[in-house]
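The block underneath contains the structure these notes are about, expressed in structure tokens.
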Amino acid sequence: MSRSDTDTDVSQAEQRERAAREDLEVAAPSAETPASIIGRSPWEIFWSHFRQDRFALVGLVIIAVMILMAVFAPLVAAWSGHEPNQVNLQALDEFGLPSAPPFWPGPEAKAPPKYLLGVDDTGRDLLVRIAYGARTSLTVAFFATGIAVVLGVLLGLSAGFYRGKIDTLISRATDVVLALPILLLALGIASACGANQAGCFWGFIKPGLRPVILIIGLFGWPYIGRIVRGQVLSIREKEFVEASRSLGASNRRIILREILPNVAAPIIVYTTLIIPSNILFEAGLSFLGVGVPDGTPSWGAMLADAGTAFRWAPWLMIFPGLALFLTTLAFNLVGDGLRDALDPRKAV
């Protein structure tokens with residue numbers, strides 16, 4: 001090969017490299033490139049939609065505040081100098097009635113400044129009990145929701161993917177659970193298992209938070225199971241699933257790698273929507289006296305105790321009820337925001 005041919009090849013290679021570099025510079029987004037045509041990751045698309053919902057952001061802030069209050073409830077007790085079950089008859093008025101918060105309007109006797117939200121009928125600090133009640137309600141809600149979601153997703157994936165006898169068996173079990181009177185069963189199981197320290201079911205369910213968590217979790221999976229089953233029945237017929245199966249992928253790999261990521265959005269949305277339902281269910285059981293045991297602060301139990309004193313001490317019901325209302329409302333707002341942000345039909 002002559003020297004001129006070699007120089008020609010080098011010059012052509014340099015020209016190709018320069019052309020490729022120019023193509024990259026043209027393709028790369030610049031300051032003049034419109035934002036609408038710059039590629040964004042799925043997380044960026046989700047966040048750009050979610051942050052446009054002001055109500056969802058407010059709900060997220062409320063949830064963060066409630067979680068912080070539950071986590072740092074001992075610090076709230078240390079600041080006030082009162083334990084959640086500490087009785088202080090000196091904080092009652094001269095007639096033995098609960099003292100109002102220091103800022104409460106009206107002629108009622110005012111509690112000392114450290115009792116920021118007043119006291120109940122035994123002189124216990126209402127703020128401290130609300131903080132520990134947030135810990136109780138959120139603990140029950142998160143663990144019970146986790147149990148329900150895990151069971152519902154596993155059974156829904158199995159029923160929708162395998163179909164046939166497995167689908168029939170799981171669907172009929174779902175119908176049976178949905179037909180059960182959950183509240184009556186919860187009342188009966190919680191009463192039976194909380195009546196003695198030995199518990200029931202050979203000691204598996206003992207008095208405490210465990211019966212409430214298990215009752216809510218074990219009876220709350222059919223709804224999410226049906227949602228997941230319906231999604232899987234549609235997705236399993238898609239082209240990418242058939243392509244993965246034709247490449248020799250196992251059923252387990254198809255379920256975990258192909259189907260589960262595509263049903264993650266409805267699972268996340270529905271999870272945020274059943275958390276407030278579980279909080280209200282726990283509060284209802286505690287209100288009826290069969291929820292968390294005595295001595296454990298709970299918003300529902302506080303509302304039940306405040307029922308007889310509402311006329312002369314309305315703050316006993318207002319503040320726990322407001323905490324319960326704001327928490328359930330916040331989770332619903334976040335759930336609606338997630339549903340809108342994860343909707344694939346929305347414009348990118």
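By convention here, the chains of the structure tokens are called A, B, ... in the order presented, each chain's residues are numbered starting at 1, and ligands are numbered starting at 1 in the order presented.
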>> Neighbouring residues of region 308-323 of chain A were defined as those with any atom within 10 Å, considering only C-alpha atoms; residues of the same chain fewer than 6 positions away were excluded. Please report them as a list in words.
In response: Ile62, Met66, Leu97, Pro98, Ser99, Ala100, Pro101, Trp104, Glu108, Leu117, Gly118, Val119, Asp120, Asp121, Leu126, Leu127, Arg129, Ile130, Ala131, Gly133, Ala134, Ser298, Trp299, Gly300, Ala301, Met302 and Leu329 of chain A
> So which residues of region 97-315 of chain A fall under helix (DSSP H, G or I) by DSSP, listed as a PyMOL selection string?
Replying inline: chain A and resi 126-162+164-179+182-194+209-218+221-235+239-246+251-287+299-309+315
>> Please report the interatomic distance between CA of Asn88 (chain A) and CA of Arg124 (chain A) in Å with one decimal.
In response: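 We find that CA of Asn88 (chain A) and CA of Arg124 (chain A) lie 6.3 Å from each other.
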>> Let me make sure I understand: among A:Arg252, A:His49, A:Arg54, A:Arg163, which one has the smallest atom-to-atom distance to Leu233 (chain A) if we use only C-alpha atoms?
In response: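 The answer is A:Arg163, which sits nearest to Leu233 (chain A).
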> Which is closer to Leu333 (chain A) than all the others in A:Ala73, A:Val177, A:Ile275, A:Ala283, using only C-alpha atoms?
Replying inline: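 Looking at the shortest contact to Leu333 (chain A), the residue is A:Ile275.
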>> One decimal, in Å: what's the spacing between CA of Val212 (chain A) and CA of Ile224 (chain A)?
In response: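 That distance, rounded to one decimal, is 19.5 Å.
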>> Set the distance at 8 Å and use only C-alpha atoms: which residues neighbour Ile235 (chain A) once local chain neighbours fewer than 5 positions away are removed? I'd like the list as an MDAnalysis selection string.
In response: chainID A and resid 241 259 262
Same residues, N, CA, C and O atoms, saved as a PDB file, in the first residue's frame:
```pdb
ATOM      1  N   VAL A 241     -44.263 -10.273  27.283  1.00  0.00           N
ATOM      2  CA  VAL A 241     -44.305 -11.498  28.084  1.00  0.00           C
ATOM      3  C   VAL A 241     -44.119 -12.713  27.181  1.00  0.00           C
ATOM      4  O   VAL A 241     -43.388 -13.651  27.517  1.00  0.00           O
ATOM      5  N   ILE A 259     -43.906  -9.001  34.895  1.00  0.00           N
ATOM      6  CA  ILE A 259     -45.277  -8.675  35.293  1.00  0.00           C
ATOM      7  C   ILE A 259     -45.315  -7.785  36.531  1.00  0.00           C
ATOM      8  O   ILE A 259     -46.004  -6.758  36.551  1.00  0.00           O
ATOM      9  N   ASN A 262     -44.859  -4.048  36.223  1.00  0.00           N
ATOM     10  CA  ASN A 262     -45.930  -3.380  35.496  1.00  0.00           C
ATOM     11  C   ASN A 262     -47.213  -3.252  36.320  1.00  0.00           C
ATOM     12  O   ASN A 262     -48.140  -2.550  35.882  1.00  0.00           O
TER      13      ASN A 262
END
```
> In Å to one decimal, how far is CA of Ala64 (chain A) from CA of Gly337 (chain A)?
Replying inline: 15.8 Å
> Which residues, written as a list in words, have at least one atom at most 10 Å from Tyr162 (chain A), with only C-alpha atoms counted and residues fewer than 3 positions away on the same chain left out?
Replying inline: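 Listed by chain and then number, they are Leu157, Ser158, Ala159, Lys165, Ile166, Asp167, Val232, Leu233, Arg236 and Asn251 of chain A.
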Take the residues from that selection and put them in a file with all heavy atoms, as a short mmCIF file (atom, residue, chain, number, x, y, z; two decimals), in the first residue's frame.
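Contents of result18.cif, as written:
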```cif
data_model
loop_
_atom_site.label_atom_id
_atom_site.label_comp_id
_atom_site.auth_asym_id
_atom_site.auth_seq_id
_atom_site.Cartn_x
_atom_site.Cartn_y
_atom_site.Cartn_z
N LEU A 157 -51.06 -12.41 41.98
CA LEU A 157 -50.14 -12.82 40.92
C LEU A 157 -50.33 -14.28 40.56
O LEU A 157 -50.35 -14.64 39.37
CB LEU A 157 -48.70 -12.59 41.38
CG LEU A 157 -48.19 -11.13 41.39
CD1 LEU A 157 -46.82 -11.07 42.05
CD2 LEU A 157 -48.13 -10.56 39.99
N SER A 158 -50.48 -15.13 41.57
CA SER A 158 -50.66 -16.56 41.30
C SER A 158 -51.95 -16.83 40.56
O SER A 158 -51.98 -17.60 39.59
CB SER A 158 -50.62 -17.34 42.62
OG SER A 158 -49.40 -17.13 43.31
N ALA A 159 -53.03 -16.20 41.00
CA ALA A 159 -54.33 -16.44 40.35
C ALA A 159 -54.34 -15.92 38.93
O ALA A 159 -54.85 -16.59 38.01
CB ALA A 159 -55.44 -15.79 41.17
N LYS A 165 -57.22 -24.06 37.83
CA LYS A 165 -57.65 -24.47 39.17
C LYS A 165 -57.11 -23.55 40.25
O LYS A 165 -57.78 -23.29 41.25
CB LYS A 165 -57.21 -25.91 39.43
CG LYS A 165 -57.88 -26.94 38.53
CD LYS A 165 -57.43 -28.35 38.88
CE LYS A 165 -58.13 -29.38 37.99
NZ LYS A 165 -57.69 -30.77 38.31
N ILE A 166 -55.89 -23.06 40.07
CA ILE A 166 -55.32 -22.17 41.07
C ILE A 166 -56.14 -20.88 41.14
O ILE A 166 -56.45 -20.38 42.23
CB ILE A 166 -53.85 -21.86 40.73
CG1 ILE A 166 -53.01 -23.14 40.83
CG2 ILE A 166 -53.29 -20.79 41.65
CD1 ILE A 166 -51.55 -22.95 40.47
N ASP A 167 -56.51 -20.36 39.99
CA ASP A 167 -57.32 -19.14 39.95
C ASP A 167 -58.67 -19.39 40.60
O ASP A 167 -59.18 -18.55 41.37
CB ASP A 167 -57.48 -18.68 38.51
CG ASP A 167 -58.24 -17.36 38.41
OD1 ASP A 167 -58.35 -16.66 39.43
OD2 ASP A 167 -58.70 -17.04 37.30
N VAL A 232 -52.91 -8.64 36.15
CA VAL A 232 -52.05 -9.71 35.63
C VAL A 232 -52.73 -10.44 34.47
O VAL A 232 -52.06 -10.83 33.50
CB VAL A 232 -51.69 -10.69 36.77
CG1 VAL A 232 -50.94 -11.90 36.23
CG2 VAL A 232 -50.86 -9.98 37.81
N LEU A 233 -54.04 -10.64 34.56
CA LEU A 233 -54.75 -11.31 33.46
C LEU A 233 -54.58 -10.55 32.15
O LEU A 233 -54.53 -11.16 31.08
CB LEU A 233 -56.24 -11.43 33.81
CG LEU A 233 -56.62 -12.49 34.84
CD1 LEU A 233 -58.10 -12.40 35.19
CD2 LEU A 233 -56.28 -13.88 34.33
N ARG A 236 -50.35 -10.57 31.17
CA ARG A 236 -49.73 -11.84 30.79
C ARG A 236 -49.92 -12.16 29.31
O ARG A 236 -49.22 -13.02 28.78
CB ARG A 236 -50.29 -12.98 31.64
CG ARG A 236 -51.70 -13.41 31.29
CD ARG A 236 -52.22 -14.49 32.20
NE ARG A 236 -51.37 -15.66 32.22
CZ ARG A 236 -51.42 -16.65 31.34
NH1 ARG A 236 -52.29 -16.58 30.35
NH2 ARG A 236 -50.62 -17.69 31.44
N ASN A 251 -41.25 -19.28 34.66
CA ASN A 251 -42.43 -18.56 35.14
C ASN A 251 -42.08 -17.59 36.26
O ASN A 251 -42.62 -16.48 36.34
CB ASN A 251 -43.47 -19.57 35.64
CG ASN A 251 -44.09 -20.35 34.50
OD1 ASN A 251 -44.11 -19.90 33.35
ND2 ASN A 251 -44.61 -21.53 34.80
#
```
>> Here is a test: counting only C-alpha atoms, which residue of A:Gly248, A:Gly284, A:Pro84, A:Pro105 is nearest to Tyr132 (chain A)?
In response: A:Pro84
>> Could you check the closest approach to Thr327 (chain A) for each of A:Val128, A:Ile67, A:Gly307, A:Thr271 and tell me which residue wins, using only C-alpha atoms?
In response: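 Nearest candidate to Thr327 (chain A) out of A:Val128, A:Ile67, A:Gly307, A:Thr271: A:Ile67.
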